[in-house]
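Text of coords15.txt (compact mmCIF, C-alpha atoms) as supplied:
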```
# COMPACT_ATOMS: atom_id res chain seq x y z
CA MET A 1 13.71 -20.71 -10.54
CA ASN A 2 9.99 -20.96 -11.18
CA THR A 3 9.03 -17.71 -12.83
CA THR A 4 5.59 -16.12 -12.96
CA THR A 5 6.83 -13.58 -15.51
CA SER A 6 5.65 -13.76 -19.12
CA ILE A 7 7.16 -11.68 -21.94
CA LEU A 8 5.44 -10.77 -25.18
CA PHE A 9 6.89 -8.88 -28.18
CA TYR A 10 4.38 -7.23 -30.48
CA ILE A 11 4.15 -4.44 -33.04
CA LYS A 12 2.14 -1.37 -32.13
CA ARG A 13 0.18 -0.69 -35.29
CA SER A 14 -1.42 2.44 -33.81
CA LYS A 15 2.00 4.10 -33.92
CA ALA A 16 2.88 3.12 -37.52
CA ASN A 17 4.34 5.89 -39.70
CA VAL A 18 3.15 6.80 -43.22
CA ASP A 19 5.27 4.00 -44.71
CA GLY A 20 3.65 1.37 -42.45
CA ILE A 21 6.74 0.95 -40.25
CA CYS A 22 5.68 -0.03 -36.69
CA PRO A 23 7.62 0.05 -33.43
CA ILE A 24 8.22 -3.27 -31.67
CA TYR A 25 7.00 -3.18 -28.05
CA VAL A 26 7.71 -5.42 -25.07
CA ARG A 27 4.90 -6.40 -22.68
CA VAL A 28 5.88 -7.92 -19.31
CA THR A 29 3.13 -9.56 -17.24
CA ILE A 30 3.38 -10.78 -13.64
CA LEU A 31 0.13 -12.47 -12.59
CA THR A 32 -2.43 -9.73 -13.37
CA GLN A 33 0.02 -6.81 -13.37
CA ARG A 34 1.86 -5.63 -16.46
CA PHE A 35 4.10 -2.96 -17.87
CA GLU A 36 5.31 -2.34 -21.40
CA PHE A 37 8.01 -0.36 -23.17
CA SER A 38 9.49 0.16 -26.62
CA SER A 39 12.31 -2.07 -27.84
CA ASN A 40 13.58 0.86 -29.93
CA LYS A 41 13.37 -1.34 -33.03
CA TYR A 42 11.03 -0.78 -36.02
CA ILE A 43 9.75 -3.16 -38.69
CA ASP A 44 7.35 -3.34 -41.60
CA SER A 45 4.15 -4.92 -40.33
CA GLU A 46 4.29 -7.45 -43.18
CA ARG A 47 7.57 -8.86 -41.84
CA TRP A 48 6.27 -9.43 -38.27
CA SER A 49 5.26 -12.92 -37.06
CA SER A 50 2.60 -12.58 -34.35
CA GLU A 51 2.74 -16.35 -33.68
CA GLY A 52 6.50 -16.43 -33.25
CA SER A 53 6.67 -13.02 -31.62
CA LYS A 54 9.64 -12.13 -33.84
CA VAL A 55 10.66 -10.85 -37.26
CA LYS A 56 10.21 -13.23 -40.20
CA GLY A 57 13.14 -14.01 -42.48
CA SER A 58 16.83 -14.82 -42.22
CA ASN A 59 18.69 -11.79 -43.55
CA GLU A 60 21.21 -9.82 -41.50
CA ASP A 61 18.72 -7.13 -40.44
CA THR A 62 16.22 -9.75 -39.28
CA ARG A 63 18.84 -11.65 -37.25
CA SER A 64 20.03 -8.39 -35.67
CA ILE A 65 16.50 -7.36 -34.53
CA ASN A 66 15.63 -10.84 -33.19
CA SER A 67 18.96 -10.97 -31.33
CA HIS A 68 18.14 -7.59 -29.80
CA LEU A 69 14.74 -8.92 -28.63
CA ASP A 70 16.38 -12.04 -27.15
CA ASN A 71 18.82 -9.79 -25.30
CA ILE A 72 15.91 -7.79 -23.82
CA LYS A 73 14.30 -11.04 -22.66
CA SER A 74 17.54 -12.12 -20.95
CA LYS A 75 17.85 -8.75 -19.20
CA ILE A 76 14.28 -9.09 -17.87
CA PHE A 77 14.98 -12.54 -16.41
CA ASP A 78 18.30 -11.35 -14.97
CA ALA A 79 16.45 -8.48 -13.25
CA GLU A 80 13.95 -11.02 -11.89
CA LYS A 81 16.81 -13.12 -10.42
CA ARG A 82 18.32 -10.04 -8.75
CA LEU A 83 15.01 -9.31 -7.03
CA TYR A 84 14.92 -12.83 -5.59
CA LYS A 85 18.49 -12.49 -4.35
CA LYS A 86 17.64 -9.18 -2.69
CA ASP A 87 14.57 -10.79 -1.08
CA ILE A 88 12.33 -8.22 -2.79
CA ILE A 89 8.79 -9.24 -3.69
CA LEU A 90 8.34 -9.82 -7.43
CA THR A 91 5.83 -7.27 -8.68
CA SER A 92 5.54 -5.46 -11.99
CA ILE A 93 6.64 -2.18 -10.34
CA ASN A 94 9.65 -3.76 -8.59
CA LEU A 95 10.72 -5.58 -11.77
CA LYS A 96 10.40 -2.43 -13.88
CA ASN A 97 12.44 -0.43 -11.34
CA GLU A 98 15.13 -3.12 -11.24
CA LEU A 99 15.25 -3.44 -15.04
CA PHE A 100 15.65 0.27 -15.68
CA GLY A 101 17.63 1.09 -12.54
CA ILE A 102 14.90 3.30 -11.09
CA THR A 103 15.60 4.07 -7.42
CA GLU A 104 12.56 4.79 -5.27
CA ASN A 105 12.78 6.92 -2.15
CA LYS A 106 12.83 4.23 0.53
CA ARG A 107 11.08 5.08 3.76
CA MET A 108 13.21 4.21 6.76
CA LEU A 109 12.02 3.49 10.29
CA ILE A 110 14.25 5.73 12.44
CA PRO A 111 13.45 9.09 10.70
CA ILE A 112 9.72 8.33 11.03
CA PHE A 113 10.18 7.46 14.72
CA LYS A 114 12.21 10.65 15.32
CA ASP A 115 9.63 12.80 13.55
CA HIS A 116 6.90 11.32 15.77
CA ASN A 117 8.90 12.07 18.94
CA ASN A 118 9.69 15.62 17.80
CA LYS A 119 5.98 16.30 17.34
CA ILE A 120 5.26 15.01 20.85
CA LYS A 121 8.05 17.25 22.17
CA GLU A 122 6.34 20.29 20.64
CA LEU A 123 3.07 19.34 22.38
CA VAL A 124 4.46 18.61 25.87
CA GLY A 125 2.41 20.58 28.35
CA LYS A 126 -0.43 20.95 25.83
CA GLU A 127 -1.47 17.43 24.85
CA TYR A 128 1.28 15.25 26.34
CA ALA A 129 3.04 14.89 29.69
CA PRO A 130 6.86 15.01 29.88
CA GLY A 131 6.78 11.35 30.87
CA THR A 132 5.18 10.44 27.55
CA LEU A 133 8.04 12.01 25.61
CA GLU A 134 10.57 10.28 27.85
CA ARG A 135 8.85 6.93 27.26
CA TYR A 136 8.91 7.30 23.46
CA ASN A 137 12.54 8.47 23.50
CA THR A 138 13.46 5.38 25.51
CA SER A 139 11.47 3.25 23.07
CA LEU A 140 13.40 4.78 20.14
CA LYS A 141 16.68 4.07 21.94
CA HIS A 142 15.69 0.42 22.47
CA THR A 143 14.66 0.13 18.80
CA LYS A 144 18.03 1.41 17.58
CA GLU A 145 19.89 -0.95 19.90
CA PHE A 146 17.72 -3.88 18.74
CA LEU A 147 18.52 -3.18 15.07
CA GLU A 148 22.23 -3.21 15.87
CA TRP A 149 21.94 -6.33 18.07
CA LYS A 150 19.85 -8.41 15.67
CA TYR A 151 20.70 -7.16 12.17
CA LYS A 152 23.93 -5.16 12.64
CA ILE A 153 22.28 -2.15 10.97
CA SER A 154 21.43 1.38 12.11
CA ASP A 155 18.09 1.60 10.29
CA ILE A 156 15.63 -0.53 8.32
CA GLU A 157 13.11 -0.02 5.53
CA ILE A 158 9.61 -0.05 6.97
CA SER A 159 8.51 -2.44 4.22
CA LYS A 160 10.81 -5.08 5.74
CA ILE A 161 9.19 -4.97 9.18
CA ASP A 162 7.12 -8.13 9.56
CA HIS A 163 5.68 -10.41 12.25
CA ALA A 164 9.09 -12.03 12.81
CA PHE A 165 10.61 -8.58 13.43
CA ILE A 166 8.02 -7.85 16.14
CA THR A 167 8.49 -11.18 17.94
CA GLU A 168 12.29 -10.84 17.79
CA TYR A 169 12.03 -7.31 19.18
CA GLU A 170 9.89 -8.57 22.06
CA PHE A 171 12.42 -11.36 22.74
CA TYR A 172 15.21 -8.75 22.80
CA LEU A 173 13.34 -6.61 25.33
CA ARG A 174 12.66 -9.58 27.61
CA SER A 175 16.11 -11.19 27.35
CA VAL A 176 18.81 -8.61 26.58
CA ARG A 177 17.04 -5.62 28.18
CA ASN A 178 15.65 -7.84 30.96
CA CYS A 179 12.26 -6.08 30.84
CA CYS A 180 9.38 -7.59 32.80
CA ASN A 181 6.25 -8.63 30.89
CA ASN A 182 4.33 -5.37 31.28
CA THR A 183 7.33 -3.16 30.46
CA ALA A 184 8.11 -5.18 27.32
CA VAL A 185 4.47 -5.00 26.22
CA LYS A 186 4.42 -1.22 26.74
CA TYR A 187 7.53 -0.71 24.59
CA ILE A 188 6.03 -2.89 21.86
CA LYS A 189 2.82 -0.86 22.12
CA ASN A 190 4.83 2.36 21.65
CA PHE A 191 6.46 0.82 18.58
CA SER A 192 3.05 -0.20 17.20
CA LYS A 193 2.03 3.47 17.13
CA ILE A 194 4.87 4.15 14.67
CA ILE A 195 3.67 1.27 12.50
CA LYS A 196 0.13 2.68 12.64
CA ILE A 197 1.45 5.98 11.28
CA CYS A 198 3.01 4.06 8.36
CA LEU A 199 -0.25 2.20 7.71
CA ASP A 200 -2.38 5.35 7.90
CA ASN A 201 -0.10 7.07 5.37
CA GLU A 202 -0.19 3.97 3.13
CA TRP A 203 3.59 3.65 3.27
CA ILE A 204 3.19 -0.07 3.96
CA ASP A 205 0.48 -2.49 2.80
CA LYS A 206 0.45 -5.08 5.57
CA ASN A 207 0.19 -4.69 9.32
CA PRO A 208 3.01 -6.68 10.98
CA PHE A 209 1.00 -6.57 14.23
CA ALA A 210 -2.00 -8.34 12.66
CA LYS A 211 -1.23 -11.70 14.28
CA TYR A 212 0.70 -10.39 17.28
CA LYS A 213 -0.91 -10.76 20.70
CA ALA A 214 0.47 -9.60 24.02
CA LYS A 215 -1.30 -9.26 27.33
CA VAL A 216 -0.51 -6.95 30.22
CA LYS A 217 -0.46 -8.91 33.46
CA GLU A 218 -2.24 -7.47 36.47
CA VAL A 219 0.23 -6.19 39.05
CA GLU A 220 -0.66 -6.31 42.71
CA ARG A 221 -0.90 -2.71 43.89
CA VAL A 222 0.72 -1.92 47.21
CA TYR A 223 -1.21 0.28 49.65
CA LEU A 224 -0.99 1.27 53.30
CA SER A 225 -3.26 -0.08 56.00
CA GLU A 226 -5.07 2.20 58.45
CA GLN A 227 -2.49 1.34 61.14
CA GLU A 228 0.41 2.24 58.82
CA ILE A 229 -1.22 5.56 57.90
CA GLN A 230 -1.73 6.32 61.59
CA SER A 231 1.91 5.50 62.39
CA ILE A 232 3.06 8.05 59.79
CA ILE A 233 0.62 10.67 61.11
CA ASN A 234 1.69 10.16 64.74
CA LYS A 235 5.42 10.13 64.10
CA ASP A 236 7.25 13.24 65.28
CA PHE A 237 9.93 13.90 62.67
CA LYS A 238 12.93 15.92 63.78
CA THR A 239 13.70 17.38 60.35
CA GLU A 240 11.56 19.81 58.38
CA ARG A 241 12.15 17.98 55.08
CA LEU A 242 10.73 14.68 56.39
CA SER A 243 7.75 16.49 57.92
CA LEU A 244 7.09 18.22 54.59
CA VAL A 245 7.33 14.99 52.59
CA ARG A 246 5.13 13.19 55.14
CA ASP A 247 2.45 15.89 54.92
CA ILE A 248 2.30 15.99 51.12
CA PHE A 249 2.29 12.19 50.95
CA LEU A 250 -0.66 12.12 53.37
CA PHE A 251 -2.36 14.84 51.31
CA SER A 252 -2.24 12.42 48.36
CA CYS A 253 -3.48 9.56 50.58
CA PHE A 254 -6.62 11.58 51.34
CA THR A 255 -7.17 13.02 47.82
CA GLY A 256 -5.98 10.22 45.52
CA LEU A 257 -4.01 12.68 43.37
CA ALA A 258 -0.87 11.49 41.57
CA TYR A 259 2.43 13.33 42.06
CA ILE A 260 2.19 15.49 38.92
CA ASP A 261 -1.39 16.48 39.75
CA VAL A 262 -0.44 17.52 43.30
CA LYS A 263 2.48 19.50 41.87
CA ASN A 264 0.21 21.34 39.44
CA LEU A 265 -2.34 22.35 42.09
CA THR A 266 -2.83 26.04 42.78
CA LYS A 267 -5.15 27.80 45.21
CA SER A 268 -7.56 28.41 42.33
CA HIS A 269 -8.23 24.66 42.15
CA ILE A 270 -9.99 24.86 45.53
CA SER A 271 -13.62 25.91 45.22
CA ILE A 272 -17.03 25.37 46.78
CA GLY A 273 -18.75 22.19 45.61
CA ILE A 274 -22.40 21.20 45.23
CA ASP A 275 -22.69 20.50 48.97
CA GLY A 276 -21.42 23.93 50.02
CA GLU A 277 -18.09 22.46 51.18
CA LYS A 278 -14.61 22.89 49.74
CA TRP A 279 -13.66 20.65 46.81
CA ILE A 280 -10.58 20.22 44.61
CA PHE A 281 -11.48 20.71 40.94
CA THR A 282 -8.68 19.62 38.62
CA HIS A 283 -7.79 17.49 35.57
CA ARG A 284 -5.47 14.51 35.61
CA GLN A 285 -2.48 15.29 33.43
CA LYS A 286 -2.08 11.62 32.44
CA THR A 287 -5.59 11.10 31.03
CA GLU A 288 -6.91 14.69 30.84
CA THR A 289 -10.03 13.55 32.71
CA ALA A 290 -11.75 15.69 35.33
CA SER A 291 -11.13 14.97 39.00
CA LYS A 292 -13.50 16.42 41.63
CA ILE A 293 -12.53 15.59 45.21
CA PRO A 294 -14.14 16.80 48.44
CA VAL A 295 -11.60 18.30 50.86
CA LEU A 296 -11.57 16.20 54.05
CA PRO A 297 -10.76 17.88 57.40
CA PHE A 298 -7.28 16.31 57.51
CA THR A 299 -6.62 17.50 53.94
CA GLN A 300 -7.66 21.03 54.92
CA MET A 301 -5.24 20.96 57.86
CA ILE A 302 -2.35 20.30 55.47
CA ILE A 303 -3.51 23.05 53.08
CA ASP A 304 -3.74 25.53 56.00
CA LYS A 305 -0.31 24.48 57.30
CA TYR A 306 1.43 25.47 54.06
CA GLU A 307 -0.80 28.38 53.04
CA ASP A 308 1.93 30.95 53.67
CA HIS A 309 4.94 28.82 52.81
CA PRO A 310 7.50 30.93 50.85
CA GLN A 311 7.99 28.31 48.13
CA SER A 312 4.24 27.90 47.59
CA ASN A 313 3.70 31.64 47.31
CA PHE A 314 6.71 32.17 45.02
CA GLN A 315 5.64 29.39 42.61
CA ASN A 316 1.90 30.10 42.98
CA LYS A 317 1.33 26.50 44.09
CA LEU A 318 -0.97 25.03 46.71
CA LEU A 319 1.83 22.97 48.30
CA PRO A 320 5.67 23.23 48.31
CA ILE A 321 6.28 19.81 46.77
CA LEU A 322 9.80 18.51 46.04
CA SER A 323 10.87 16.60 42.93
CA ASN A 324 9.37 13.14 42.50
CA GLN A 325 12.82 11.60 42.88
CA LYS A 326 13.45 13.42 46.18
CA MET A 327 9.95 12.61 47.47
CA ASN A 328 10.49 8.91 46.85
CA GLU A 329 13.97 9.03 48.35
CA TYR A 330 12.70 10.59 51.59
CA LEU A 331 9.63 8.32 51.69
CA LYS A 332 11.95 5.31 51.95
CA GLU A 333 13.54 7.02 54.95
CA ILE A 334 10.09 7.63 56.45
CA ALA A 335 9.14 3.97 55.95
CA GLY A 336 12.26 2.91 57.86
CA VAL A 337 11.61 5.30 60.74
CA CYS A 338 7.93 4.19 60.97
CA GLU A 339 8.90 0.49 60.68
CA ILE A 340 6.81 -0.01 57.54
CA GLU A 341 8.08 -3.04 55.61
CA LYS A 342 6.68 -1.92 52.24
CA GLU A 343 8.78 -0.08 49.65
CA LEU A 344 7.16 3.31 50.02
CA THR A 345 6.75 5.48 46.89
CA PHE A 346 4.58 8.52 46.29
CA HIS A 347 2.21 6.59 43.99
CA ILE A 348 1.32 4.25 46.86
CA ALA A 349 -0.64 7.20 48.30
CA ARG A 350 -3.05 7.02 45.34
CA HIS A 351 -3.55 3.29 45.88
CA THR A 352 -4.10 3.92 49.59
CA PHE A 353 -6.81 6.47 48.85
CA ALA A 354 -8.61 4.00 46.58
CA THR A 355 -8.49 1.13 49.09
CA THR A 356 -7.98 1.98 52.76
CA VAL A 357 -9.43 5.51 52.71
CA THR A 358 -12.47 5.09 50.44
CA LEU A 359 -13.54 1.57 49.39
CA THR A 360 -12.81 0.03 52.80
CA ASN A 361 -14.97 2.71 54.40
CA GLY A 362 -17.96 2.00 52.16
CA VAL A 363 -17.53 4.74 49.52
CA PRO A 364 -19.24 3.39 46.34
CA ILE A 365 -16.83 2.31 43.62
CA GLU A 366 -18.50 4.70 41.12
CA SER A 367 -17.67 7.68 43.37
CA VAL A 368 -14.10 6.46 43.89
CA SER A 369 -13.69 6.10 40.12
CA LYS A 370 -14.80 9.71 39.52
CA MET A 371 -12.50 11.09 42.22
CA LEU A 372 -9.55 9.13 40.82
CA GLY A 373 -10.30 10.47 37.34
CA HIS A 374 -10.50 7.00 35.81
CA LYS A 375 -11.93 6.80 32.31
CA ASN A 376 -13.32 3.30 32.87
CA LEU A 377 -14.86 1.74 35.93
CA SER A 378 -12.92 -1.46 35.16
CA THR A 379 -9.70 0.36 36.15
CA THR A 380 -11.14 1.10 39.60
CA GLN A 381 -12.51 -2.42 39.97
CA HIS A 382 -8.95 -3.69 40.29
CA TYR A 383 -8.83 -2.08 43.74
CA ALA A 384 -12.00 -3.93 44.68
CA LYS A 385 -10.23 -7.20 43.75
CA VAL A 386 -7.37 -6.20 46.04
CA LEU A 387 -9.85 -5.72 48.87
CA ASP A 388 -11.46 -9.09 48.15
CA LYS A 389 -8.03 -10.64 48.64
CA LYS A 390 -7.67 -8.75 51.93
CA VAL A 391 -11.11 -9.99 53.05
CA SER A 392 -10.06 -13.53 52.19
CA GLU A 393 -6.87 -13.19 54.25
CA ASP A 394 -8.78 -11.70 57.21
CA MET A 395 -11.40 -14.47 57.09
CA LYS A 396 -8.67 -17.10 57.00
CA MET A 397 -7.30 -15.68 60.24
CA LEU A 398 -10.81 -15.80 61.69
CA ARG A 399 -11.29 -19.41 60.58
CA ASP A 400 -7.95 -20.33 62.17
CA LYS A 401 -9.06 -18.71 65.45
CA PHE A 402 -12.36 -20.62 65.44
CA ALA A 403 -10.57 -23.84 64.58
CA LEU A 404 -8.16 -23.34 67.50
CA LYS A 405 -11.05 -22.52 69.86
CA THR A 406 -12.98 -25.62 68.76
CA ASN A 407 -9.95 -27.84 69.25
CA THR A 408 -9.39 -26.39 72.74
CA GLU A 409 -13.02 -27.06 73.75
CA GLN A 410 -12.81 -30.61 72.43
CA LEU A 411 -9.62 -31.13 74.41
CA LYS A 412 -11.34 -29.97 77.63
CA ASN A 413 -14.28 -32.32 77.10
CA THR A 414 -12.10 -35.30 76.33
CA GLN A 415 -12.00 -37.87 79.20
CA PRO A 416 -8.55 -39.04 80.27
```
Using structure tokens, write down the structure that the file contains.
Amino acid sequence: MNTTTSILFYIKRSKANVDGICPIYVRVTILTQRFEFSSNKYIDSERWSSEGSKVKGSNEDTRSINSHLDNIKSKIFDAEKRLYKKDIILTSINLKNELFGITENKRMLIPIFKDHNNKIKELVGKEYAPGTLERYNTSLKHTKEFLEWKYKISDIEISKIDHAFITEYEFYLRSVRNCCNNTAVKYIKNFSKIIKICLDNEWIDKNPFAKYKAKVKEVERVYLSEQEIQSIINKDFKTERLSLVRDIFLFSCFTGLAYIDVKNLTKSHISIGIDGEKWIFTHRQKTETASKIPVLPFTQMIIDKYEDHPQSNFQNKLLPILSNQKMNEYLKEIAGVCEIEKELTFHIARHTFATTVTLTNGVPIESVSKMLGHKNLSTTQHYAKVLDKKVSEDMKMLRDKFALKTNTEQLKNTQP
């Protein structure tokens, strides 16, 4: 074993007693770091050999002291070997702790993660949405299962989390948990917040995410066409529950509000805007950004329809919305009845507002971004890309029609 540890024995003259007897000290140096301690042996300064770093002479007392110093040296090197076996970095602090059996309070990952989640729980409804807490709790669950799967342990010291740990965790999410790219990246991002807490508190020195790179892939957003919206509007549903779900879904199609934001709406959120017309003034729960949306005539019809609904009045809500799970369950039923091939979910209404209802009809992207409550215009621009794709598909159909027409004309003009 190549050691970087040097050991020096010396007498500390500044601590000599009245008879000139000095304590023998031990100085241990690792690179530029050092620590020192008393050997608990004392000697007359005249008997000390600075060159040999030992007591001069050959009598019994001299041999006993020098043997004691050799024993200390052996213990230091033994402690150094134990650190290597434990895969602990050799530093002056670690060597001193190992030599004297000093146990530091080791910071473990899971208690830090749990403390973070408990703080979020206390702030749900104030600074965080319930979904945020659920996401971090799921992330904690995956982290625990990864530790058991990879290392057969229930917890790990945060100082042992390195780049390899991160990449192995990502592999676990993609393979064992079968997460898609974006889901895996989101869980890793949640985990990185816990590491940031450790860095900010100076509990760890190095950032294991320093060389880690992951990219969220753009997902094609599904939205309804004008014809599909019209088919839902025109359909006469025989049950009240499907009519209710249809109406609230269409309300979102014409306001761009997400499920939780529709659920939180009260009559007080409706007010007169700058143009003298009715507007919805609210804040997106997800991003806490303001959303100001003009009330379209169709939107007003839905508001009027449920103005005196018992559930709305009892809960002081604008609309009697069901749970998100029930809404999505009934929307699949609506899609089947209306012969819509897409997998209909409530969030598709928000995408529909951004594309079919606004951008397709010439509403400037800046205005759409403000109504959607986006923090960055780049988020809204994704919908413009979707429309570009639609334009490309439409123009391809047009080119095919012209090509067919041209071929037909050529066929007519061809002589037999």
* Out of A:Leu95, A:Leu173, A:Ile110, A:Ala210, which residue has the shortest atom-to-atom distance to Thr4 in chain A when counting all atoms listed in the file? ->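 Using all atoms listed in the file, the shortest distance to Thr4 in chain A belongs to A:Leu95.
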* **Selected residue of minimal separation from Leu147 in chain A among A:Ile102, A:Met327, A:Ile166, A:Ala349, counting all atoms listed in the file** =>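 So, comparing all the options, the nearest one is A:Ile166.
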* So, counting only C-alpha atoms, which residue among A:Leu244, A:Ile30, A:Ile274, A:Lys12 is closest to His309 in chain A? -> A:Leu244
* Pairwise distance for CA of Ile7 in chain A and CA of Val28 in chain A, rounded to one decimal in Å ->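 So the two atoms, CA of Ile7 in chain A and CA of Val28 in chain A, lie 4.8 Å apart.
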* Residue among A:Val337, A:Leu250, A:Thr167, A:Pro320 lying closest to Lys238 in chain A, counting only C-alpha atoms ->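 Comparing A:Val337, A:Leu250, A:Thr167, A:Pro320 against Lys238 in chain A, the winner is A:Val337.
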* **Nearest candidate to Phe35 in chain A (options A:Ser53, A:Thr282, A:Gln230, A:Asn94; using all atoms listed in the file)** =>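 Distance minimum relative to Phe35 in chain A lands on A:Asn94.
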* To do: Mind checking which residues fall within 12 Å of Arg350 in chain A, counting only C-alpha atoms, ignoring those fewer than 2 positions away in the same chain, and posting them as a PyMOL selection string?
  => chain A and resi 221-224+248-262+344-348+352-358+368-369+371-373+380+383
* Pick the closest to Gln381 in chain A from A:Cys179, A:Leu359, A:Arg27, A:Glu307: which is it, counting all atoms listed in the file? ->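 Closest candidate: A:Leu359.
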* To do: May I have the protein, DNA and RNA residues with any atom at most 8 Å from the point (10.3, -10.4, -24.0), counting all atoms listed in the file, written as a list in words?
  =>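 Using all atoms listed in the file, the matching residues come out as Ser6, Ile7, Leu8, Phe9, Val26, Arg27, Val28, Leu69, Asp70, Ile72, Lys73 and Ile76 of chain A.
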* Asked: What's the 10 Å shell around Ser92 in chain A, counting all atoms listed in the file, without same-chain residues fewer than 3 positions away, as a list in words?
  -> Thr5, Val28, Thr29, Ile30, Leu31, Thr32, Gln33, Arg34, Phe35, Glu36, Ile89, Leu95, Lys96, Asn97 and Glu98 of chain A
* To do: Have a look at CA of Ser45 in chain A and CA of Ser58 in chain A and let me know their distance in Å, one decimal.
  => 16.2 Å
* **Separation of CA of Thr143 in chain A from CA of Tyr169 in chain A in Å** =>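 Computing the Euclidean distance for CA of Tyr169 in chain A and CA of Thr143 in chain A yields 7.9 Å.
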* Excluding Ser154 in chain A and any residue of its chain fewer than 4 positions from it, enumerate the residues within 12 Å of it, using only C-alpha atoms, and give them as a list in words. =>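 Here the qualifying residues turn out to be Met108, Leu109, Ile110, Pro111, Leu140, Lys141, His142, Thr143, Lys144, Glu145, Phe146, Leu147, Glu148, Trp149 and Lys150 of chain A.
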Please produce a file of the residues just selected, as a PDB file, in the coordinates of the input, where the atoms kept are C-alpha atoms.
```
ATOM      1  CA  MET A 108      13.210   4.210   6.760  1.00  0.00           C
ATOM      2  CA  LEU A 109      12.020   3.490  10.290  1.00  0.00           C
ATOM      3  CA  ILE A 110      14.250   5.730  12.440  1.00  0.00           C
ATOM      4  CA  PRO A 111      13.450   9.090  10.700  1.00  0.00           C
ATOM      5  CA  LEU A 140      13.400   4.780  20.140  1.00  0.00           C
ATOM      6  CA  LYS A 141      16.680   4.070  21.940  1.00  0.00           C
ATOM      7  CA  HIS A 142      15.690   0.420  22.470  1.00  0.00           C
ATOM      8  CA  THR A 143      14.660   0.130  18.800  1.00  0.00           C
ATOM      9  CA  LYS A 144      18.030   1.410  17.580  1.00  0.00           C
ATOM     10  CA  GLU A 145      19.890  -0.950  19.900  1.00  0.00           C
ATOM     11  CA  PHE A 146      17.720  -3.880  18.740  1.00  0.00           C
ATOM     12  CA  LEU A 147      18.520  -3.180  15.070  1.00  0.00           C
ATOM     13  CA  GLU A 148      22.230  -3.210  15.870  1.00  0.00           C
ATOM     14  CA  TRP A 149      21.940  -6.330  18.070  1.00  0.00           C
ATOM     15  CA  LYS A 150      19.850  -8.410  15.670  1.00  0.00           C
TER      16      LYS A 150
END
```
* All residues 8 Å or closer to Ser38 in chain A, only C-alpha atoms, same chain fewer than 3 positions away omitted, as JSON, numbers by chain -> {"A": [23, 24, 25, 26, 41]}
